[in-house]
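Engineer: I'd like to ask you about the structure that follows.
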Amino acid sequence: MRDSLTIVFSGEAGQGLQTIEDLIMKSAAPFYNVFSTSDVMSRIRGGNNTLEIRVSGKQIHAFKHGIDLLFLLNDHAYDRLHDRISEKTVILGEENFVDLDKIKEKNAKFSVLKMKELVKQAGNPIVANTILFGFVAGILKLNPEECRRLLTDKFKHLSEKIVTDNKNAFDIGFTEGGPFAFSFSIPKSDNASRYKVLNGNTAVGIGALAGGCNFISAYPMSPGTSLLEYLARMTEDFDIIVEQAEDEIAAINMVLGAWYAGGRGITTTSGGGFSLMIEGVSLSGMTETPCVIHVGQRPGPATGLPTRTEQADLNLAIHAGHGEFPRIIFAPGKLEDGVLLTQKAFFLADKYQVPVIVLTDQHFLESYGQMERLKLDKAYLTNQTIETKPGYKRYADDPTGISPRGIPGHGEGLVKVDSDEHDESGYITEDYKMRILMHEKRLRKKSLILEDYTDPELIGPKDYKHLIVGWGSTYGVLKEFIESSLHKDIAFLHIKQVYPLPEKLKDYFAGVESVISVENNSSGQMADLLKLDLDIPVTHRILKYSGEPFSIEEMERKIKEVLK
Amino acid sequence: MRDSLTIVFSGEAGQGLQTIEDLIMKSAAPFYNVFSTSDVMSRIRGGNNTLEIRVSGKQIHAFKHGIDLLFLLNDHAYDRLHDRISEKTVILGEENFVDLDKIKEKNAKFSVLKMKELVKQAGNPIVANTILFGFVAGILKLNPEECRRLLTDKFKHLSEKIVTDNKNAFDIGFTEGGPFAFSFSIPKSDNASRYKVLNGNTAVGIGALAGGCNFISAYPMSPGTSLLEYLARMTEDFDIIVEQAEDEIAAINMVLGAWYAGGRGITTTSGGGFSLMIEGVSLSGMTETPCVIHVGQRPGPATGLPTRTEQADLNLAIHAGHGEFPRIIFAPGKLEDGVLLTQKAFFLADKYQVPVIVLTDQHFLESYGQMERLKLDKAYLTNQTIETKPGYKRYADDPTGISPRGIPGHGEGLVKVDSDEHDESGYITEDYKMRILMHEKRLRKKSLILEDYTDPELIGPKDYKHLIVGWGSTYGVLKEFIESSLHKDIAFLHIKQVYPLPEKLKDYFAGVESVISVENNSSGQMADLLKLDLDIPVTHRILKYSGEPFSIEEMERKIKEVLK
Amino acid sequence: MKNFEFENPIDIAWCPGCGNFSIREILISALQELELDPTKVVFSSGIGQAAKMPQYINVNYFNGLHGRGIPVAVSIKAVNPELTVIAEGGDGDMYGEGGNHFIHNVRRNPDITHIVHNNMVYGLTKGQASPTSRKDFVTPIQINGVVNEPFNPLAVALILGATFVARSFSDEKDLTKELIKQAILHKGYSLVDIFHPCVSFNKINTFAWYKKNTYTLDESYDSSNLQNAMEKAMDTEKFALGILYKGKEKPAFHENQAAYKKEKTPMVDRVRALEKVNRLME
Amino acid sequence: MKNFEFENPIDIAWCPGCGNFSIREILISALQELELDPTKVVFSSGIGQAAKMPQYINVNYFNGLHGRGIPVAVSIKAVNPELTVIAEGGDGDMYGEGGNHFIHNVRRNPDITHIVHNNMVYGLTKGQASPTSRKDFVTPIQINGVVNEPFNPLAVALILGATFVARSFSDEKDLTKELIKQAILHKGYSLVDIFHPCVSFNKINTFAWYKKNTYTLDESYDSSNLQNAMEKAMDTEKFALGILYKGKEKPAFHENQAAYKKEKTPMVDRVRALEKVNRLME
Ligand SMILES: Cc1ncc(C[n+]2csc(CCOP(=O)(O)OP(=O)(O)O)c2C)c(N)n1
Ligand SMILES: Cc1ncc(C[n+]2csc(CCOP(=O)(O)OP(=O)(O)O)c2C)c(N)n1
Ligand code: SF4
Ligand code: SF4
Ligand SMILES: [Mg+2]
Ligand SMILES: [Mg+2]
């Protein structure tokens, strides 16, 4: 029996891979550990998109290169996948969807799946994906009753006929898939029902709600848009002001206005849009107006690969904005991080009056996985603003660097905020001494911020000789690597608050033989930061910048190479 | 006899300090070494502005804190200068312009200068500044005939009466100033006439012309605007397309369009405007379209101190743009650098097809000094573009990383440029292998660029024990410090190409006891870069971030502190 | 005077003789006469001479980035509709750098008053052309004079559906005060474009020039008629002063938000129930 | 066909049934019929489905950033006026993100043709509202429907002094071709706004909707009259197709530059005399 099954669907944009993903993930999750990730082109129809769903009896978190079961949805669906086929692969599709010679090359098996006929049998052309769902449900021996209920829930708002047709289609697929159950059987998980299935986007969205977010203004940009869509869907239930801005500059300035007036705002974008917000980030720094910015990274420069993944904007996030001022950057790795770090982002933005960037990437945002059902901390919802008194000074020179923040209309004071250098009251100043006072007041917050540092997560043996460092979405593949690794002397440190970094982080590296940084970029931006800020010598850099996430097999190979 | 004289004029915005500066600098330059620097408020009228002119028998380049001769132009002109007064200072002004007790505190001398009366005597209220010019000319024993000729040149386009009134005013001032000549006499320079007087702005402007610049598009922002004004004045003589853009985003995109079509464009701005250009910088990187960006730094964050100086945007310049791509950054220190580095910026942008940033600051741009009369290199004017052939591929995978660049309409090929990841022909691609090929092609240029590295300038003894590192406008004060220093074991290394840095730079630091970085920012951005990219341990950082340049006295004190 | 005026004299960075001084005086009287409470009034401004205005009024302000006064104003009003929100700046600030926010916020109809000091020049940066500079205006950049078609903010606002569009001249003190008061009282986006001489950098469009080239709309003018307004706005031979257009009030930006459809409490005063968020993870 | 068409079939990333296909066909014929040389034609585009157009034509292109097609086009034309320059993109690209360039370049009057594919939606990013989306259009962001006043690009262009303003619908092939040809021939800024259905994300403004809500201006329409044009542009009950306005040609942006006043040689072909620069240091 294998421990995990990798099922891939390959089709075109517009063939509804997302529906398949949704149905399988939801129905399999109560019994198995599941993880899914998509590879999607920047187009609405055509091209080639793939969906990978992994099912296992134990926790899984990563993209797997090798395919166990491949469903071809059209006659050009095979082309980009040849590398991922082995003698263990079973390929399913219409006869004319493959070149049998190519498959033979890999000693893979091909099994004809007459989808056209099955669809005809089902009597409705739009249920093709439900047949595939049934097929997989048959293989995984899912409870058909539960699956049919899921279909009812999903389609009942359309029409009764559609529900019936889908159930019917499911049954056809279930029957066809059944015979494959034996060869693909995997153990069920004993704790899967503890988890909720969601993707990174929803995790960040829940985190924003948990952080008290009541304002979002953003300009659409993949992969950042989904957070805007998520909060738009939540508008009615959670009282959020949602606005699509005319551009990213408007978006960040609106977020600053919202915080100034006492709201808790966020904007969401990707690298290109973030580049347009840089002046606004500097404004947040100077005026000490909090803000939260979600940046979903994708490969650059410029438009790059809009629907693929990369981690190359850490340096930009650290240095965004002219002039010098403190900031906080979080990079969630697992879904729990998505929720908790985003929640904390709002709290810390408010507490330290600085811009907080939540730095994710396409792979984190759009992969589905399982998350513990969290109970959130209420403390993070409390506003840090004060009721002002007459003569209130917005920039009072508090020794900590934090001047109590009032908001207009709440109290008897006036709240005067300036992007020029200003005095304690918020008036423009050109006095050099005042400049130094105010600049140092702002800069003092950099070390203060570390009091709330979010500790990294150490995975693996305590007495490690080699330490892998990662941040953001490489969490999944590195965790899976460590948990399945035979090297008992390797551990993995996942840094969640990537900036600023505290001295105490050095402890993890003391006496270590080698430090391996793993990053989805071409230079090793985290490795550079560790060197610069903490004098940690990174001995090896494993970098990938093709636009794909690391696969588990690649990670095993590369780490072996590096440590040999 | 002193070696140098520091004359300060203190008045309001609108009182015409620039005219005084222009007249004195031009008339004194043939006989003395001169340097002038202003401290100006961000307003058009009122407030307090000061102008410092230094005159010497040997080369001088820096702001001096201590004042020898102070002219007060109004009753609040003294307030900000109290710190700069000593027993050596002579203060001139109307009786009611000072509080004699304050002056006594410093044991300074006060000499009444009845400007109102002198102006009345001259018979024209607008000639006050010419009286002051005459006064200083008297002290410096300048040739009155030459001075009168200068006035004629300056005012003849207005009216004959104005010329006569000014000459008359000059004579009045000259007579009044004469008696002070003895106490302020300084040796004349024997080589001053070799030099041309200009400020950094003009130097960068001449460099742009020498680099073949034929296009500028910019949005006004201090201190970047003057370059736009300079090139606008040159439009007719040098055939330059000049356009004030609607915003900085338009400006940089217009510059990219100009280069794409075969022009040589530049834009000019300050930190805030540059922040808006970040996405465009990334576009330049991805499309490999050259561009030249002049960033005149001023204190940030945000609006900051619009008319003051800082060097805090080096990090932003290095990391500007989402995604990863090479770039070149120059930081002129002396006026010759302003010309030569800007010229080279155009050449290298063209040669390596990368964005080139010329990073200056307010102090460099607006201070006047003397520069060798250069003869420029013609090679830098030659376009690096090719005539295309049919089937031309804009991004041909040349092993060097440089794909020969064609321009539309020149040749039989088509020039296809894309901000998405593209193939060799410039078509959008989503192929991972092609992505890697193209990304690595671009990234390869980073090391190639170093073949044209502009060497730093080493000032001081060859067998130094301590090395000061500086970049940009600290050149002047550090050069003057070294040249006047008694410590014979200290040298100063001025880095002109601040990014990327070559390994060979390390040689300067080998075996050195201490490395002192001197920067006008709060963190030591160059020190960080030296550590990160070259493993050079900077032992001391001398930082200033008040908005003022370092003064020569301060530099002496701080270096003594650090080395004791 | 007190309230919106300071107790003690303040240092104002404008040039003596600048039209901005009149505007300041007028603005303060308008706010006083409306009996507004300074703690409930917020100015949002950009950067420029005009944009320094909030510094010189005893009021809340967010003096942000050049060109970005409007987006900040819009969100302030959205999270706390109980505040009176005024976005103020110069012609370069609001129509040049901020042009995209101008056009799209007219469409959005936020309940803010938009005051633009239109001196047809960039003052603070020393005399470059602004979008509203007239043709042939010579500057250090436009050395042969401006050639671009001048921007017509009033006509653009009208076309994009603004329901309150007015123009004034800083010297017309009573008129200007009245327009500002009405603009503040009007629900939704209201534009008050105020001509004023820049004595330092605009030697063409001087006090006398404005006197000569403007006239005040009289009683007979029907400002509820969009057609009339468009005609007046398009007439740049002689500039009409007054309310060019006051149309029917439409729902304001914040009123269109789902969050305000059910209840009126400002967002800042609402408390999020964390249990509801926890439930999302069940 | 050849010339602007490829020798071999190409992979086009648009959805089957999308109006963009017609526009492509039309555009290629227009360019062929004008007998232009592909090496002398440049497209500048932003990002979006519409903005992918240059990829599918055998021509020079600069496919830059979302919203920034116009500034790039303007400077290309300025440094080499011998090129025919077309800026092309979608409604979001050109009127949303690029709004500030749109308004200020109409004023600048560069000699470029501006083609906007107006599907009243953001296609590539999957169906959010665009500035031209009609009220009540429901999207994943505008969950209760669009509330902002739709942007009226034609009226705005007219007000800012455009001398060529036209609108078409992708299905009106002959008309569209004619408009594009005329726009290219017209000196100065010319706008061609082309309606087209987005079959994937706009289920309201469908092929049938455009059919029903548009009509073609007939011979009797006098397109030299600005007043007429404004009226047509403001009528959004039923959208007029055709040349709404063709006014007298004005000097184009590059013609106003000092560098082209003395001589016509493209900037790219002029050589700087370094001696002249050296003289500046004497
Ligand atoms: C991003 C950015 N670009 C440019 C500037 C420089 N700047 C400051 S004020 C100003 C123009 C001022 O003109 P206007 O808005 O008309 O105001 P005025 O001074 O005439 O009242 C400019 C360009 C800036 N502060 N920020
Ligand atoms: C700076 C920036 N912001 C956002 C995006 C994402 N983006 C790409 S296309 C697009 C909108 C496309 O709409 P439209 O211009 O109408 O073109 P269509 O796809 O409808 O033809 C957006 C928002 C981007 N590429 N760059
Ligand atoms: S520069 Fe012009 S607008 Fe600014 S304060 Fe002076 S006169 Fe007024
Ligand atoms: S998404 Fe819409 S506009 Fe884009 S190609 Fe598809 S149908 Fe056309
Ligand atoms: Mg102005
Ligand atoms: Mg569109």
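Ordered as shown in the structure tokens, chains take letters A, B, and onward, while each chain numbers its residues from 1 and ligands are numbered from 1 in the order shown.
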Just list the residues in stretch 51-204 of chain D DSSP gives alpha helix (DSSP H) on the backbone, as number ranges by chain.

Structural biologist: D: 69-79, 91, 99-108, 153-159, 173-185

Engineer: Just need the residues of chain A within 8 Å of chain C, counting only C-alpha atoms, so spit them out as a PyMOL selection string.

Structural biologist: chain A and resi 196+206+209-210+212+214-215+235-236+238-242+246+250-251+253-258+260-263+280+283+373-376+378+381+408-419+427-428

Engineer: Check every residue of chain B for an atom within 7 Å of chain A, counting only C-alpha atoms, and provide those that qualify as a CSV table (one decimal) with N, CA, C and O atoms, in the first residue's frame.

Structural biologist:
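Saved as selection_20.csv:
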chain,number,residue,atom,x,y,z
B,271,GLY,N,13.3,61.4,-4.1
B,271,GLY,CA,12.8,60.1,-3.6
B,271,GLY,C,11.3,59.8,-3.8
B,271,GLY,O,11.0,58.8,-4.2
B,272,GLY,N,10.5,60.8,-3.5
B,272,GLY,CA,9.0,60.6,-3.6
B,272,GLY,C,8.6,60.3,-5.0
B,272,GLY,O,7.8,59.4,-5.2
B,275,SER,N,9.8,56.9,-6.0
B,275,SER,CA,9.0,55.8,-5.4
B,275,SER,C,7.8,55.5,-6.4
B,275,SER,O,7.4,54.3,-6.5
B,276,LEU,N,7.4,56.5,-7.1
B,276,LEU,CA,6.3,56.3,-8.1
B,276,LEU,C,6.8,55.6,-9.4
B,276,LEU,O,6.0,55.1,-10.2
B,278,ILE,N,8.9,53.1,-9.5
B,278,ILE,CA,9.5,51.7,-9.2
B,278,ILE,C,9.0,50.7,-10.2
B,278,ILE,O,9.8,49.8,-10.6
B,279,GLU,N,7.7,50.7,-10.5
B,279,GLU,CA,7.2,49.7,-11.4
B,279,GLU,C,7.9,49.9,-12.8
B,279,GLU,O,8.2,48.9,-13.5
B,282,SER,N,11.3,48.3,-12.9
B,282,SER,CA,11.1,46.9,-13.1
B,282,SER,C,10.8,46.6,-14.6
B,282,SER,O,11.3,45.6,-15.2
B,283,LEU,N,10.0,47.5,-15.2
B,283,LEU,CA,9.7,47.3,-16.6
B,283,LEU,C,11.0,47.4,-17.5
B,283,LEU,O,11.2,46.7,-18.4
B,285,GLY,N,13.9,46.7,-16.5
B,285,GLY,CA,14.7,45.5,-16.2
B,285,GLY,C,14.2,44.3,-17.0
B,285,GLY,O,15.0,43.6,-17.6
B,286,MET,N,12.9,44.2,-17.1
B,286,MET,CA,12.3,43.0,-17.8
B,286,MET,C,12.4,43.1,-19.3
B,286,MET,O,12.8,42.2,-20.0
B,299,PRO,N,15.8,64.7,2.4
B,299,PRO,CA,15.4,63.9,3.6
B,299,PRO,C,14.0,63.4,3.5
B,299,PRO,O,13.0,64.2,3.2
B,300,GLY,N,13.8,62.2,3.8
B,300,GLY,CA,12.4,61.5,3.9
B,300,GLY,C,12.2,61.2,5.3
B,300,GLY,O,12.9,61.7,6.2
B,301,PRO,N,11.2,60.3,5.6
B,301,PRO,CA,10.3,59.7,4.6
B,301,PRO,C,9.3,60.7,4.0
B,301,PRO,O,9.3,61.9,4.5
B,302,ALA,N,8.5,60.3,3.1
B,302,ALA,CA,7.5,61.1,2.5
B,302,ALA,C,8.0,62.4,2.1
B,302,ALA,O,9.1,62.6,1.5
B,303,THR,N,7.2,63.5,2.3
B,303,THR,CA,7.6,64.8,1.9
B,303,THR,C,8.9,65.3,2.6
B,303,THR,O,9.7,66.0,2.0
B,304,GLY,N,9.0,64.9,3.9
B,304,GLY,CA,10.2,65.2,4.6
B,304,GLY,C,10.6,66.6,4.7
B,304,GLY,O,9.8,67.5,5.1
B,305,LEU,N,11.9,66.9,4.3
B,305,LEU,CA,12.4,68.3,4.3
B,305,LEU,C,12.7,68.6,2.8
B,305,LEU,O,13.8,68.3,2.4
B,312,ALA,N,19.6,58.8,1.9
B,312,ALA,CA,18.9,57.7,2.5
B,312,ALA,C,18.2,56.8,1.4
B,312,ALA,O,17.4,55.9,1.8
B,313,ASP,N,18.4,57.1,0.2
B,313,ASP,CA,17.7,56.3,-0.9
B,313,ASP,C,18.6,55.3,-1.6
B,313,ASP,O,18.2,54.8,-2.7
B,315,ASN,N,19.5,52.3,-0.6
B,315,ASN,CA,18.8,51.0,-0.5
B,315,ASN,C,17.6,50.9,-1.5
B,315,ASN,O,17.4,49.9,-2.1
B,316,LEU,N,16.8,51.9,-1.5
B,316,LEU,CA,15.7,51.9,-2.4
B,316,LEU,C,16.2,51.8,-3.9
B,316,LEU,O,15.6,51.0,-4.6
B,319,HIS,N,17.2,48.2,-4.6
B,319,HIS,CA,16.1,47.2,-4.6
B,319,HIS,C,14.9,47.7,-5.3
B,319,HIS,O,13.9,46.9,-5.3
B,320,ALA,N,14.9,48.8,-6.0
B,320,ALA,CA,13.7,49.3,-6.6
B,320,ALA,C,13.2,48.4,-7.7
B,320,ALA,O,14.0,47.9,-8.6
B,321,GLY,N,12.0,48.0,-7.7
B,321,GLY,CA,11.4,47.1,-8.7
B,321,GLY,C,11.1,45.8,-8.1
B,321,GLY,O,11.9,45.2,-7.4
B,322,HIS,N,9.9,45.3,-8.5
B,322,HIS,CA,9.6,43.9,-8.0
B,322,HIS,C,10.3,42.9,-9.0
B,322,HIS,O,10.6,43.3,-10.1
B,323,GLY,N,10.6,41.8,-8.5
B,323,GLY,CA,11.4,40.8,-9.3
B,323,GLY,C,12.9,41.2,-9.2
B,323,GLY,O,13.3,42.2,-8.6
B,324,GLU,N,13.7,40.4,-9.9
B,324,GLU,CA,15.2,40.5,-9.8
B,324,GLU,C,15.7,40.8,-11.2
B,324,GLU,O,15.4,40.2,-12.2
B,419,SER,N,6.7,43.0,-21.4
B,419,SER,CA,6.8,43.0,-20.0
B,419,SER,C,6.5,41.7,-19.3
B,419,SER,O,6.8,41.5,-18.1
B,420,ASP,N,5.7,40.9,-20.0
B,420,ASP,CA,5.5,39.5,-19.5
B,420,ASP,C,6.8,38.7,-19.8
B,420,ASP,O,7.7,39.1,-20.6
B,421,GLU,N,7.0,37.6,-19.1
B,421,GLU,CA,8.1,36.7,-19.5
B,421,GLU,C,7.9,36.4,-21.0
B,421,GLU,O,6.8,36.2,-21.4
B,430,GLU,N,4.8,31.1,-21.4
B,430,GLU,CA,4.6,30.6,-20.0
B,430,GLU,C,5.3,29.2,-19.8
B,430,GLU,O,5.0,28.4,-19.0
B,432,TYR,N,8.3,27.1,-18.6
B,432,TYR,CA,9.2,27.2,-17.5
B,432,TYR,C,10.7,27.2,-18.0
B,432,TYR,O,11.5,27.9,-17.4
B,435,ARG,N,11.4,30.6,-19.4
B,435,ARG,CA,11.5,31.5,-18.3
B,435,ARG,C,12.9,31.5,-17.7
B,435,ARG,O,13.6,32.5,-17.4
B,436,ILE,N,13.4,30.3,-17.4
B,436,ILE,CA,14.7,30.2,-16.8
B,436,ILE,C,15.8,30.7,-17.7
B,436,ILE,O,16.7,31.5,-17.3
B,528,ASP,N,26.4,48.8,5.0
B,528,ASP,CA,25.6,47.6,4.9
B,528,ASP,C,26.0,46.9,3.6
B,528,ASP,O,26.2,45.7,3.5
B,531,LYS,N,29.3,45.3,3.6
B,531,LYS,CA,29.3,44.0,4.4
B,531,LYS,C,28.7,42.9,3.6
B,531,LYS,O,29.2,41.8,3.4
B,532,LEU,N,27.5,43.2,3.0
B,532,LEU,CA,26.7,42.2,2.4
B,532,LEU,C,27.4,41.7,1.1
B,532,LEU,O,27.5,40.5,0.9
B,545,TYR,N,21.7,62.9,9.9
B,545,TYR,CA,20.4,62.8,9.2
B,545,TYR,C,19.5,63.9,9.7
B,545,TYR,O,18.3,63.8,9.8
B,546,SER,N,20.1,65.1,9.9
B,546,SER,CA,19.3,66.3,10.3
B,546,SER,C,18.8,67.0,9.1
B,546,SER,O,17.9,67.8,9.2
B,547,GLY,N,19.4,66.7,7.9
B,547,GLY,CA,19.0,67.4,6.7
B,547,GLY,C,20.1,68.4,6.3
B,547,GLY,O,20.1,68.9,5.2

Engineer: Write as an NGL selection string the residues around ligand 4, taking 6 Å as the cut-off and counting only C-alpha atoms and all ligand atoms.

Structural biologist: (:A and (44)) or (:D and (14-15 or 18 or 20 or 49 or 123-124 or 198-201))

Engineer: Within 8 Å of D:Gly96, counting only C-alpha atoms, which residues show up once you throw out same-chain ones fewer than 3 positions away? Write them as a JSON list (two decimals) with C-alpha atoms, in the first residue's frame, please.

Structural biologist:
[["chain", "number", "residue", "atom", "x", "y", "z"],
["A", 246, "GLU", "CA", -8.98, 53.37, -9.61],
["A", 247, "ASP", "CA", -5.34, 52.33, -9.16],
["C", 100, "ASN", "CA", -6.87, 59.95, -11.90],
["D", 67, "GLY", "CA", -2.26, 51.43, -17.75],
["D", 91, "ASP", "CA", -11.17, 49.94, -20.83],
["D", 92, "GLY", "CA", -9.62, 49.13, -17.46],
["D", 93, "ASP", "CA", -6.12, 49.59, -18.75],
["D", 99, "GLY", "CA", -6.79, 57.49, -16.56],
["D", 130, "SER", "CA", -14.25, 48.61, -15.18],
["D", 131, "PRO", "CA", -14.73, 52.38, -15.32]]

Engineer: For ligand 3, which residue among C:Lys246, C:Lys126, C:His114, C:Lys238 is the nearest when counting only C-alpha atoms and all ligand atoms?

Structural biologist: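 That would be C:Lys126, the residue with the smallest distance to ligand 3.
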
Engineer: Please identify all residues of chain C having at least one atom at most 7 Å from any atom of chain D, considering only C-alpha atoms, and return them as a list in words.

Structural biologist: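 Using only C-alpha atoms, chain C residues at most 7 Å from chain D: Gly99, Asn100, Arg107, Arg108, Asn148, Glu149, Pro150, Phe151, Asn152, Ala155, Val156, Ile159, Leu160 and Gly161 of chain C.
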
Engineer: Restricting it to N, CA, C and O atoms, dump the selection as a short mmCIF file (atom, residue, chain, number, x, y, z; two decimals), in the first residue's frame.

Structural biologist:
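That gives us out.cif:
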data_model
loop_
_atom_site.label_atom_id
_atom_site.label_comp_id
_atom_site.auth_asym_id
_atom_site.auth_seq_id
_atom_site.Cartn_x
_atom_site.Cartn_y
_atom_site.Cartn_z
N GLY C 99 -4.82 63.62 -11.04
CA GLY C 99 -5.87 63.59 -12.06
C GLY C 99 -6.72 62.33 -12.05
O GLY C 99 -7.95 62.40 -12.21
N ASN C 100 -6.09 61.19 -11.85
CA ASN C 100 -6.87 59.95 -11.90
C ASN C 100 -7.84 59.86 -10.73
O ASN C 100 -8.93 59.32 -10.87
N ARG C 107 -17.01 60.20 -10.13
CA ARG C 107 -17.91 59.08 -10.42
C ARG C 107 -18.39 58.38 -9.16
O ARG C 107 -19.49 57.87 -9.07
N ARG C 108 -17.51 58.35 -8.16
CA ARG C 108 -17.80 57.63 -6.92
C ARG C 108 -18.76 58.42 -6.02
O ARG C 108 -19.39 57.87 -5.14
N ASN C 148 -0.08 72.84 -24.59
CA ASN C 148 -1.17 71.89 -24.34
C ASN C 148 -2.49 72.63 -24.11
O ASN C 148 -2.53 73.72 -23.57
N GLU C 149 -3.56 71.97 -24.53
CA GLU C 149 -4.91 72.46 -24.26
C GLU C 149 -5.11 72.56 -22.74
O GLU C 149 -4.83 71.61 -22.03
N PRO C 150 -5.57 73.69 -22.21
CA PRO C 150 -5.76 73.76 -20.76
C PRO C 150 -6.82 72.75 -20.29
O PRO C 150 -7.78 72.48 -21.00
N PHE C 151 -6.59 72.22 -19.12
CA PHE C 151 -7.53 71.27 -18.52
C PHE C 151 -8.75 72.04 -18.03
O PHE C 151 -8.63 73.11 -17.44
N ASN C 152 -9.91 71.46 -18.26
CA ASN C 152 -11.15 72.12 -17.87
C ASN C 152 -11.83 71.30 -16.78
O ASN C 152 -12.67 70.44 -17.03
N ALA C 155 -15.85 71.32 -16.50
CA ALA C 155 -16.55 70.56 -17.54
C ALA C 155 -16.38 69.06 -17.33
O ALA C 155 -17.32 68.28 -17.47
N VAL C 156 -15.17 68.67 -16.97
CA VAL C 156 -14.93 67.24 -16.74
C VAL C 156 -15.79 66.74 -15.58
O VAL C 156 -16.43 65.68 -15.66
N ILE C 159 -19.39 66.31 -16.70
CA ILE C 159 -19.57 65.16 -17.57
C ILE C 159 -19.58 63.86 -16.81
O ILE C 159 -20.22 62.89 -17.19
N LEU C 160 -18.81 63.84 -15.72
CA LEU C 160 -18.70 62.59 -14.97
C LEU C 160 -19.77 62.49 -13.88
O LEU C 160 -19.75 61.59 -13.06
N GLY C 161 -20.70 63.44 -13.88
CA GLY C 161 -21.86 63.30 -13.01
C GLY C 161 -21.81 64.04 -11.69
O GLY C 161 -22.60 63.75 -10.79
#

Engineer: State, in Å with one decimal place, the distance from atom CA of A:Leu113 to atom CA of A:Tyr78.

Structural biologist: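 Between atom CA of A:Leu113 and atom CA of A:Tyr78 the gap is 14.5 Å.
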